[in-house]
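Student: Next up is a structure, given as C-alpha cells.
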Amino acid sequence: MGALKGISKTSRSNLVTYLMVTVAFIIVQTLVSTGSLTNSLTGLLVPICAYICMAISLNLVVGISGELSLGHAGFMSIGAFSGVVAVACLKGSIANSALLLVCGLVIGGILAGVAGFVIGIPVMRLRGDYLAIVTLAFGEIIKNLLNNFYVGLDDAGLHFSMHDANSLGMHGGTILINGPQGAVGIDKLSTFVAGFVLILFCLFVVLNLIHSRSGRAIMAVRDNRIAAESVGINVTKYRLMAFVVSAVLAGMAGALYAMNYSTIVPKKFDMNTSILILVFVVLGGMGNIRGSIVSATVLTLLPEMLRVISDYRMLIYAIVLILVMIVTNNPTLRLFFHGLKNRLLGSFRRSKGLSTEGGEVDE
C-alpha cells in the first residue's frame, strides 16, 4: 500500500480497474477448471467479455465524448462478419489458432474503424437527437446490407454478390456469408482467455486516451463546445477520433463474439443490441469505465440466473433496470448510499488501524 501512495490518483484508479478485471478472471478461471460453473454459465463467458468491450467502447462516445450513438451494433456486425471471412481466408496459411484469432480481431477492428471514419465524417457535423437518429439509421442500413450480402471462397479467391448465392459464380468452394442466413460453419476460435486479453486491451486504449492531451480535448468539447472552439480545439477532429476508436474496439468485440458460435445472423446486430449496450453504459454511469464493466457483466448474467423462474424472469429483469435507474437518478438515495459507503470504509480503516496498533504492542 505504501508503494501506491507514491503514484498519482489517476494511475491508482487505473491500476484498481486492471486489478479488478484480473482478479475476476482468476476467480472465474478457477471455477471453470474445478467444474464449479454450469455449462450455460461457461457458455456465457465469451459473450460477457464481448459485451464488456462493447460497453467500454460505447462509453468513450457517450460518456467521455458526450455524443449519443444508437448504431453501435452496426460496427460490431462489421467486425463479426469481416473477422469470420478473414479467418476463413487465412486458415490455410496460418496453422496456429491463437494467431488466427488475433488476425481476425485485427482485421475486424480495422474494417469497423474504416466504416466508423466514413460514417463519422457526415455524422460528426450533427449533435444531440439528430446524431442519435442518424447513427440509428446507419446501424439499420448496415444490418440490411448484410442481409443481402453473399460471400463465397473457392480456389479462385473470394466472390461477392448482393443478389443470391447462385450469382457468386463459384466452382465448388464454400459459402461464407449466405444473406439473411448469415455466416455459417464458423471456426470457434474464441476463448475466455482471449476475451480477458481483449478487455485489457480495450481498457489500455480507452484509459490512456482519456488521460492524454487528446482525451482532455475530447472532454473539453463535451463540456462546452463553444469555449473549446474559442481556444483553438478542432472540435470535429476530436469528436471523430473518439467515434473511430470506439468503432475499432466494437469491431474487435464483434469478431470475438462471432467466433464463439458456429453460426451468426445479421438480425442479431439490430437496434435492440445497440440499445442493450447503451443500457450497460447508462446503468454503469456515464464516463465510468469500471461501472460499465460491472453493469455489462451483471445484466448479461441476470437473465440466466433468473432462468429457474422462467415465467417471470424478463419481468424481474425489467423491474431491476427500473429500480437501478431510480436509485442512480435520485439525489437523496445517492446521498444515502454514498454515506453508507463512507461509513463502511471508515469502519474498515478504523479496524485496520486498531489491528496495526495491536501488532505493534505485540512486538
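Just so we're on the same page: first chain in the C-alpha cells is A, next is B, and so on; residues restart at 1 for each chain, and ligands are numbered from 1 in the order they show up.
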From a DSSP pass on the backbone, collect the residues of region 159-318 of chain A flagged as alpha helix (DSSP H) and hand them back as a PyMOL selection string.
Tutor: chain A and resi 192-210+213-223+225-230+235-258+271-284+289-305+313-318
Student: Those same residues - C-alpha atoms - I'd like them written as a tab-separated table (two decimals), in the first residue's frame.
Tutor:
chain	number	residue	atom	x	y	z
A	192	PHE	CA	-12.32	-16.84	-22.26
A	193	VAL	CA	-8.59	-16.08	-22.10
A	194	ALA	CA	-8.80	-14.25	-25.44
A	195	GLY	CA	-11.80	-12.30	-24.12
A	196	PHE	CA	-9.86	-11.32	-20.99
A	197	VAL	CA	-6.89	-10.12	-23.08
A	198	LEU	CA	-9.22	-8.11	-25.34
A	199	ILE	CA	-10.81	-6.44	-22.29
A	200	LEU	CA	-7.35	-5.43	-21.03
A	201	PHE	CA	-6.53	-4.08	-24.50
A	202	CYS	CA	-9.76	-2.03	-24.60
A	203	LEU	CA	-9.04	-0.69	-21.11
A	204	PHE	CA	-5.47	0.20	-22.10
A	205	VAL	CA	-6.62	2.09	-25.21
A	206	VAL	CA	-9.56	3.93	-23.62
A	207	LEU	CA	-7.93	4.81	-20.27
A	208	ASN	CA	-4.76	6.09	-21.97
A	209	LEU	CA	-6.82	8.10	-24.45
A	210	ILE	CA	-8.96	9.61	-21.68
A	213	ARG	CA	-3.96	15.51	-24.23
A	214	SER	CA	-6.43	14.33	-26.88
A	215	GLY	CA	-8.70	12.92	-24.18
A	216	ARG	CA	-8.74	16.25	-22.34
A	217	ALA	CA	-9.63	17.95	-25.63
A	218	ILE	CA	-12.49	15.45	-26.18
A	219	MET	CA	-13.87	16.18	-22.70
A	220	ALA	CA	-13.45	19.93	-23.21
A	221	VAL	CA	-15.61	19.67	-26.35
A	222	ARG	CA	-18.16	17.67	-24.36
A	223	ASP	CA	-18.32	20.21	-21.53
A	225	ARG	CA	-18.19	23.19	-27.43
A	226	ILE	CA	-18.09	26.97	-27.94
A	227	ALA	CA	-15.41	27.51	-25.28
A	228	ALA	CA	-13.34	24.66	-26.75
A	229	GLU	CA	-13.57	26.19	-30.22
A	230	SER	CA	-12.60	29.59	-28.84
A	235	VAL	CA	-14.00	20.05	-32.43
A	236	THR	CA	-14.74	17.80	-35.43
A	237	LYS	CA	-11.30	16.16	-35.26
A	238	TYR	CA	-11.59	15.12	-31.62
A	239	ARG	CA	-15.23	14.01	-31.89
A	240	LEU	CA	-14.28	11.90	-34.92
A	241	MET	CA	-11.27	10.48	-33.07
A	242	ALA	CA	-13.45	9.19	-30.22
A	243	PHE	CA	-16.00	7.82	-32.70
A	244	VAL	CA	-13.43	5.92	-34.82
A	245	VAL	CA	-11.55	4.47	-31.81
A	246	SER	CA	-14.89	3.32	-30.41
A	247	ALA	CA	-15.79	1.70	-33.77
A	248	VAL	CA	-12.44	-0.16	-33.91
A	249	LEU	CA	-12.92	-1.63	-30.42
A	250	ALA	CA	-16.55	-2.54	-31.23
A	251	GLY	CA	-15.38	-4.33	-34.39
A	252	MET	CA	-12.84	-6.36	-32.40
A	253	ALA	CA	-15.53	-7.24	-29.86
A	254	GLY	CA	-17.80	-8.32	-32.72
A	255	ALA	CA	-15.13	-10.63	-34.15
A	256	LEU	CA	-14.59	-12.18	-30.72
A	257	TYR	CA	-18.36	-12.65	-30.30
A	258	ALA	CA	-18.83	-14.21	-33.77
A	271	MET	CA	-31.38	-1.88	-32.83
A	272	ASN	CA	-32.12	-3.99	-29.73
A	273	THR	CA	-28.44	-4.86	-29.37
A	274	SER	CA	-27.46	-1.19	-29.71
A	275	ILE	CA	-29.98	-0.25	-27.02
A	276	LEU	CA	-28.74	-3.08	-24.78
A	277	ILE	CA	-25.15	-1.77	-24.98
A	278	LEU	CA	-26.41	1.74	-24.25
A	279	VAL	CA	-28.24	0.41	-21.17
A	280	PHE	CA	-24.92	-1.06	-19.93
A	281	VAL	CA	-23.31	2.36	-20.24
A	282	VAL	CA	-26.16	4.32	-18.66
A	283	LEU	CA	-26.56	1.95	-15.71
A	284	GLY	CA	-22.80	1.79	-15.13
A	289	ILE	CA	-15.47	2.63	-17.26
A	290	ARG	CA	-15.47	0.45	-14.15
A	291	GLY	CA	-19.25	0.82	-13.84
A	292	SER	CA	-19.72	-0.24	-17.48
A	293	ILE	CA	-17.75	-3.43	-16.82
A	294	VAL	CA	-19.88	-4.30	-13.80
A	295	SER	CA	-23.22	-3.47	-15.43
A	296	ALA	CA	-22.40	-5.42	-18.64
A	297	THR	CA	-21.46	-8.46	-16.54
A	298	VAL	CA	-24.46	-8.32	-14.21
A	299	LEU	CA	-27.08	-7.59	-16.89
A	300	THR	CA	-25.76	-10.39	-19.13
A	301	LEU	CA	-25.77	-12.88	-16.28
A	302	LEU	CA	-29.10	-11.80	-14.76
A	303	PRO	CA	-31.47	-13.44	-17.33
A	304	GLU	CA	-29.51	-16.68	-16.98
A	305	MET	CA	-29.60	-16.54	-13.17
A	313	ARG	CA	-37.51	-13.63	-15.45
A	314	MET	CA	-37.88	-10.88	-18.07
A	315	LEU	CA	-40.40	-9.09	-15.83
A	316	ILE	CA	-37.91	-9.17	-12.93
A	317	TYR	CA	-35.13	-8.09	-15.32
A	318	ALA	CA	-37.17	-5.04	-16.33
Student: Could you write out, as JSON, numbers by chain, all the residues of region 126-243 of chain A that DSSP marks as strand (DSSP E)?
Tutor: {"A": [150, 151, 152, 153, 154, 157, 158, 159, 160, 161, 174, 175, 176, 177, 178]}
Student: Keeping N, CA and C atoms for every residue in the selection just given, could you write it to a file as a PDB file, in the first residue's frame?
Tutor:
ATOM      1  N   TYR A 150     -23.691 -11.723 -49.966  1.00  0.00           N
ATOM      2  CA  TYR A 150     -23.267 -13.123 -50.142  1.00  0.00           C
ATOM      3  C   TYR A 150     -21.771 -13.131 -50.430  1.00  0.00           C
ATOM      4  N   VAL A 151     -21.050 -13.987 -49.701  1.00  0.00           N
ATOM      5  CA  VAL A 151     -19.601 -14.114 -49.881  1.00  0.00           C
ATOM      6  C   VAL A 151     -19.257 -15.598 -49.970  1.00  0.00           C
ATOM      7  N   GLY A 152     -18.474 -15.947 -50.973  1.00  0.00           N
ATOM      8  CA  GLY A 152     -18.021 -17.330 -51.132  1.00  0.00           C
ATOM      9  C   GLY A 152     -16.523 -17.392 -51.345  1.00  0.00           C
ATOM     10  N   LEU A 153     -15.936 -18.535 -51.041  1.00  0.00           N
ATOM     11  CA  LEU A 153     -14.484 -18.723 -51.192  1.00  0.00           C
ATOM     12  C   LEU A 153     -14.223 -20.032 -51.924  1.00  0.00           C
ATOM     13  N   ASP A 154     -13.484 -19.952 -53.026  1.00  0.00           N
ATOM     14  CA  ASP A 154     -13.035 -21.171 -53.710  1.00  0.00           C
ATOM     15  C   ASP A 154     -11.588 -20.994 -54.153  1.00  0.00           C
ATOM     16  N   GLY A 157     -10.447 -17.572 -55.241  1.00  0.00           N
ATOM     17  CA  GLY A 157     -10.463 -16.473 -54.265  1.00  0.00           C
ATOM     18  C   GLY A 157     -11.857 -16.163 -53.775  1.00  0.00           C
ATOM     19  N   LEU A 158     -12.058 -14.927 -53.282  1.00  0.00           N
ATOM     20  CA  LEU A 158     -13.348 -14.520 -52.722  1.00  0.00           C
ATOM     21  C   LEU A 158     -14.306 -14.091 -53.831  1.00  0.00           C
ATOM     22  N   HIS A 159     -15.586 -14.398 -53.644  1.00  0.00           N
ATOM     23  CA  HIS A 159     -16.636 -13.968 -54.572  1.00  0.00           C
ATOM     24  C   HIS A 159     -17.694 -13.210 -53.769  1.00  0.00           C
ATOM     25  N   PHE A 160     -18.183 -12.106 -54.326  1.00  0.00           N
ATOM     26  CA  PHE A 160     -19.174 -11.274 -53.638  1.00  0.00           C
ATOM     27  C   PHE A 160     -20.410 -11.115 -54.523  1.00  0.00           C
ATOM     28  N   SER A 161     -21.559 -11.018 -53.876  1.00  0.00           N
ATOM     29  CA  SER A 161     -22.797 -10.767 -54.610  1.00  0.00           C
ATOM     30  C   SER A 161     -23.809 -10.101 -53.678  1.00  0.00           C
ATOM     31  N   THR A 174     -16.707 -22.799 -50.713  1.00  0.00           N
ATOM     32  CA  THR A 174     -17.573 -22.687 -49.536  1.00  0.00           C
ATOM     33  C   THR A 174     -18.248 -21.322 -49.510  1.00  0.00           C
ATOM     34  N   ILE A 175     -19.519 -21.310 -49.153  1.00  0.00           N
ATOM     35  CA  ILE A 175     -20.215 -20.037 -48.954  1.00  0.00           C
ATOM     36  C   ILE A 175     -19.982 -19.587 -47.510  1.00  0.00           C
ATOM     37  N   LEU A 176     -19.366 -18.421 -47.356  1.00  0.00           N
ATOM     38  CA  LEU A 176     -19.037 -17.926 -46.007  1.00  0.00           C
ATOM     39  C   LEU A 176     -20.169 -17.098 -45.419  1.00  0.00           C
ATOM     40  N   ILE A 177     -20.774 -16.210 -46.215  1.00  0.00           N
ATOM     41  CA  ILE A 177     -21.907 -15.397 -45.753  1.00  0.00           C
ATOM     42  C   ILE A 177     -23.052 -15.623 -46.732  1.00  0.00           C
ATOM     43  N   ASN A 178     -24.171 -16.087 -46.208  1.00  0.00           N
ATOM     44  CA  ASN A 178     -25.285 -16.503 -47.062  1.00  0.00           C
ATOM     45  C   ASN A 178     -26.509 -15.620 -46.817  1.00  0.00           C
TER      46      ASN A 178
END
Student: Just give me the gap between CA of Val102 (chain A) and CA of Ala156 (chain A) in Å, one decimal is fine.
Tutor: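 Result for CA of Val102 (chain A) versus CA of Ala156 (chain A): 25.2 Å, one decimal.
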Student: CA of Phe138 (chain A) to CA of Ala88 (chain A): how many Å, to one decimal?
Tutor: 27.0 Å
